[in-house]
Amino acid sequence: MAALETIRTKFGIGASLIIAFGLLLFLVNPSDIIQTIQSASSKYDVGKINGKSVSYQEFEQEVKEQTDVREMLTGQSASSEQAQLQARDAAWNSLVDRMLVIPTIEKAGIRVGQQEQTDLFIGEENSPILASSGLFTDENGNFSPALVRQFMENVNADESGRGILLRNYLLNAVRSNRYSEKYFNLFTAASYVNSLESQNAISENNTTANVSFVVAPHTYYPMDSTIVISSAEIQKYYNAHKDNFRQKATRDIEYAVYEVTPSAKDINAQNTEFVTLYDEFSTTDNVRAFLQRNSDRQWSDTWYKAGDLRSVNRDIDLFVSDNNSGVSPVVQSGATFYAARIMENANVPDSVYVRHIMLTGADARHQADSLLGVLKGNNFSTLATLYSADTGNAVDGEQGNLGWMTQNAMIPGFESVLTAAIGKPYILTTIYGTHIVEVTKATKPLAKKKVAVFEKTSLPSKETYAEIYNKANVLAVRSAGKYANYKAACDSTGIYSRSLTINEGTDTYGSIGHAKEVTRWAFNNKPGKASGIITVDNNYFFVVAVKGAHKEGYAKVDEVSDNIKSLLYQEKYSQKRCQEVADQIAGLNSLEAIAEKLGTTVSNLSDVTFSISSAPTTEPSLIGAVAAAKEGVISGPVAGIMGTYVFQVNSRETGAYFTEDDAKAAQARIDSYHSQMLVPLMMDKTVEDNRARFY
């Protein structure tokens with residue numbers, strides 16, 4: 001100890017920590033410490049691929065690159081939740097390709113060399129990835145290898161680095177696609193069906209049987225007390241089918257949720273405000289600006305026919321349908337208030353057929369005026385070919401044709417085409433340019449109206465939020481962080497507690513979305529714990545308790561014993577019932593007599609075939625028995641799932657409707673399925689996806 005004190009004094013706290021760690025190694029198994037450290041660090045990994053960890057930072061960098069590429073390919077920002085989800089999926093798939101799929105394919109001896117990649121880019125055989133990207137199309141919309149070469153020659157001159165990012169993305173995509181193509185072709189080529197197998201397949205599909213049968217239905221409930229399933233049998237089944245019991249990590253939770261909804265006082269206050277604004281809504285000359293300031297529903301240029309506003313409010317729809325002008329009374333539906341003002345009436349078709357010539361540049365308006373003066377019905381397509389900046393639209397083979405438009409499928413800025421005269425070109429301007437537009441045909445006009453809808457939904461006040469929060473807080477305080485207290489508090493106060501088993505990806509609880517914070521709390525706490533208040537979307541207050549935890553891997557025997565017991569009971573019951581039927585019908589030599597003995601009737605099945613075209617509703621055990629049975633002989637009993645069967649094959653027929661081409665097509669479908677399963681099988685035990693912890 002004196003020696004330790006001397007070292008501590010001379011070298012300070014650093015030496016003390018070294019000594020402490022050394023003593024810890026002396027007292028504790030070093031492998032346990034390493035495992036603990038790895039476990040703590042792996043908690044912050046997004047996953048593991050082919051034995052290698054993927055850190056959160058590494059994954060986020062991949063997501064950023066995928067997001068940047070997506071924006072370059074589509075011209076759209078990846079800011080929406082759906083776009084971010086797609087970027088994360090693309091990033092994960094890219095990592096799986098790079099870290100697992102390609103190395104696995106290379107182990108099979110397959111390579112994609114540098115020269116081959118170059119040829120796929122700028123050689124005579126371009127990769128389909130380049131054509132499908134949409135980046136290298138000429139003025140006629142066709143894929144252009146010359147544009148690919150031009151891109152590759154100039155990419156290093158792009159100082160922003162985005163061009164290089166796009167090039168690397170395309171290189172990886174082309175390389176990955178080529179690897180997969182070669183690998184899948186290898187498996188397809190190995191799937192050889194010899195002539196005997198082909199003939200057997202054709203014969204099985206062309207041979208059908210007409211069968212009469214009697215079925216003694218199985219009744220699994222009430223349970224047969226004579227059938228006993230032992231613990232040893234359950235364990236034996238578990239050991240033999242262990243892979244069937246692999247599971248993701250889950251938590252069994254109970255939770256109470258308090259929704260923040262407007263009180264009667266809040267609704268009355270909204271009613272007062274709405275009525276105050278009603279007069280202004282009824283008389284204002286600028287209804288668009290009024291709605292922008294005061295309404296939850298903004299102005300729409302939509303033309304409504306009778307019934308269209310039913311999705312907004314039935315009473316509002318009835319008012320608009322029954323009147324040609326005026327303002328509706330105030331309508332209340334729950335916490336929402338409505339009023340409608342009819343702004344315009346017209347006979348408007350549901351859809352119109354439109355063509356256009358689009359002009360751009362500083363002189364676009366002047367050029368449009370000039371072209372409008374020389375337009376005739378039969379030269380529109382010619383002028384569109386010569387002058388239009390839009391070269392991609394030629395519906396029905398005529399340049400400039402945009403086809404049929406409706407209110408729900410309309411180029412922004414083209415709304416006026418719905419009320420335009422047929423056959424009279426005119427000029428309009430959109431964000432895309434200046435257009436000469438002509439409506440060439442339209443559906444039958446219907447009476448429609450433009451309607452301003454003033455809509456306001458009551459919101460909870462601060463007092464309401466506080467009141468509901470306090471209710472949730474009572475439960476949280478009484479729970480005091482413990483599951484047992486939570487259950488007692490729910491029982492004593494009559495609070496409804498929901499039960500749910502969740503995984504790390506759960507973010508929806510009933511109809512409540514964006515609730516990932518609840519899931520994170522449950523996975524960060526042990527069974528027996530209860531939470532404080534967890535706020536979701538600033539509209540729901542959760543109090544959660546963890547009842548049970550299930551680790552990722554194999555479920556324990558006791559966790560699945562009930563399911564196994566049910567399966568084994570079904571198997572034993574079927575065998576027992578089959579023997580009982582055999583004893584009951586012993587000595588009987590007709591199906592009619594057997595049916596009478598079993599208290600049932602004789603049924604018939606036609607066109608039974610032991611093939612890929614077998615009816616999925618027919619018991620497999622019965623089909624197999626029919627395939628092997630002799631004609632005219634009573635066979636069985638056969639134990640099925642739904643019942644025990646006694647049958648007779650009355651006749652067999654051989655057709656020729658299933659041909660060699662059909663057999664090849666069926667095999668091709670099987671090969672396609674096998675190809676689709678190659679990557680999932682690679683990933684089965686080599687990929688650990690923990691993204692749900694973070695997103």
# chains A, B, ... in the order shown; residues from 1 in each chain; ligands from 1
>>> residues_around(residues="Glu631 in chain A", least_positions_apart="5", cutoff="12 Å", atoms="only C-alpha atoms", output="PDB file with C-alpha atoms, in the first residue's frame")
ATOM      1  CA  ALA A 209     -58.776 -37.065 -61.179  1.00  0.00           C
ATOM      2  CA  ASN A 210     -62.479 -37.083 -60.350  1.00  0.00           C
ATOM      3  CA  VAL A 211     -62.881 -37.985 -56.697  1.00  0.00           C
ATOM      4  CA  SER A 212     -65.708 -38.801 -54.318  1.00  0.00           C
ATOM      5  CA  ALA A 625     -53.109 -39.435 -51.419  1.00  0.00           C
ATOM      6  CA  VAL A 626     -55.262 -39.056 -54.549  1.00  0.00           C
ATOM      7  CA  PHE A 647     -62.085 -41.209 -50.721  1.00  0.00           C
ATOM      8  CA  GLN A 648     -62.310 -43.026 -54.008  1.00  0.00           C
ATOM      9  CA  VAL A 649     -60.757 -42.023 -57.335  1.00  0.00           C
ATOM     10  CA  ASN A 650     -63.594 -42.573 -59.823  1.00  0.00           C
ATOM     11  CA  SER A 651     -61.614 -41.755 -62.963  1.00  0.00           C
ATOM     12  CA  ARG A 652     -58.532 -40.050 -64.337  1.00  0.00           C
ATOM     13  CA  GLU A 653     -58.362 -37.935 -67.459  1.00  0.00           C
TER      14      GLU A 653
END
>>> residues_around(residues="range 129-131 of chain A", least_positions_apart="3", cutoff="9 Å", atoms="only C-alpha atoms", output="VMD selection string")
chain A and resid 120 to 121 126 134 to 137 142 to 145 148 170 173 to 174 177
>>> write_last_selection(atoms="C-alpha atoms", output="short mmCIF file (atom, residue, chain, number, x, y, z; two decimals), in the first residue's frame")
data_model
loop_
_atom_site.label_atom_id
_atom_site.label_comp_id
_atom_site.auth_asym_id
_atom_site.auth_seq_id
_atom_site.Cartn_x
_atom_site.Cartn_y
_atom_site.Cartn_z
CA LEU A 120 -20.37 -0.03 -69.66
CA PHE A 121 -19.99 3.75 -69.46
CA ASN A 126 -23.94 1.02 -72.20
CA GLY A 134 -32.82 10.20 -67.39
CA LEU A 135 -29.65 12.31 -67.29
CA PHE A 136 -28.39 11.59 -70.77
CA THR A 137 -31.31 12.15 -73.13
CA ASN A 142 -33.68 9.32 -76.47
CA PHE A 143 -30.69 8.02 -74.54
CA SER A 144 -27.45 9.48 -75.92
CA PRO A 145 -24.10 7.72 -75.32
CA VAL A 148 -22.35 10.21 -71.28
CA LEU A 170 -23.30 6.16 -61.26
CA ALA A 173 -24.64 1.72 -59.45
CA VAL A 174 -23.36 0.42 -62.80
CA ASN A 177 -25.84 -3.86 -61.34
#
>>> select_by_dssp(residues="range 300-506 of chain A", states="strand (DSSP E or B)", output="ChimeraX atom specification")
/A:304,326-327,331-333,336-348,351-359,401-406,409,422,426-430,433-442,446-457,482,498-503
>>> atom_distance(atom1="CA of Tyr237 in chain A", atom2="CA of Val560 in chain A")
10.9 Å
>>> residues_around(residues="Gly433 in chain A", least_positions_apart="5", cutoff="7 Å", atoms="only C-alpha atoms", output="list in words")
Met358, Leu359 and Thr360 of chain A
>>> write_last_selection(atoms="C-alpha atoms", output="short mmCIF file (atom, residue, chain, number, x, y, z; two decimals), in the first residue's frame")
data_model
loop_
_atom_site.label_atom_id
_atom_site.label_comp_id
_atom_site.auth_asym_id
_atom_site.auth_seq_id
_atom_site.Cartn_x
_atom_site.Cartn_y
_atom_site.Cartn_z
CA MET A 358 -44.40 27.01 -75.22
CA LEU A 359 -42.09 30.00 -75.80
CA THR A 360 -39.31 31.22 -73.54
#
>>> closest_residue(among="A:Gln61, A:Ser333, A:Thr419, A:Ser603", to="Asn345 in chain A", atoms="only C-alpha atoms")
A:Thr419
>>> closest_residue(among="A:Asn604, A:Thr336, A:Thr501, A:Ser176", to="Ser295 in chain A", atoms="only C-alpha atoms")
A:Thr336
>>> residues_around(residues="Val687 in chain A", least_positions_apart="5", cutoff="10 Å", atoms="only C-alpha atoms", output="PyMOL selection string")
chain A and resi 47-53+96+100+680+682
>>> write_last_selection(atoms="C-alpha atoms", output="mmCIF file, in the first residue's frame")
data_model
loop_
_atom_site.group_PDB
_atom_site.id
_atom_site.type_symbol
_atom_site.label_atom_id
_atom_site.label_comp_id
_atom_site.auth_asym_id
_atom_site.auth_seq_id
_atom_site.Cartn_x
_atom_site.Cartn_y
_atom_site.Cartn_z
ATOM 1 C CA GLY A 47 -26.250 -1.736 -37.693
ATOM 2 C CA LYS A 48 -23.811 -4.421 -38.637
ATOM 3 C CA ILE A 49 -23.179 -5.751 -42.142
ATOM 4 C CA ASN A 50 -21.115 -8.845 -42.833
ATOM 5 C CA GLY A 51 -19.458 -8.611 -39.408
ATOM 6 C CA LYS A 52 -18.578 -4.905 -39.699
ATOM 7 C CA SER A 53 -20.288 -2.201 -37.635
ATOM 8 C CA VAL A 96 -25.322 -3.674 -48.031
ATOM 9 C CA LEU A 100 -21.964 -7.776 -48.323
ATOM 10 C CA PRO A 680 -32.436 -11.675 -48.658
ATOM 11 C CA MET A 682 -27.345 -13.385 -47.986
#
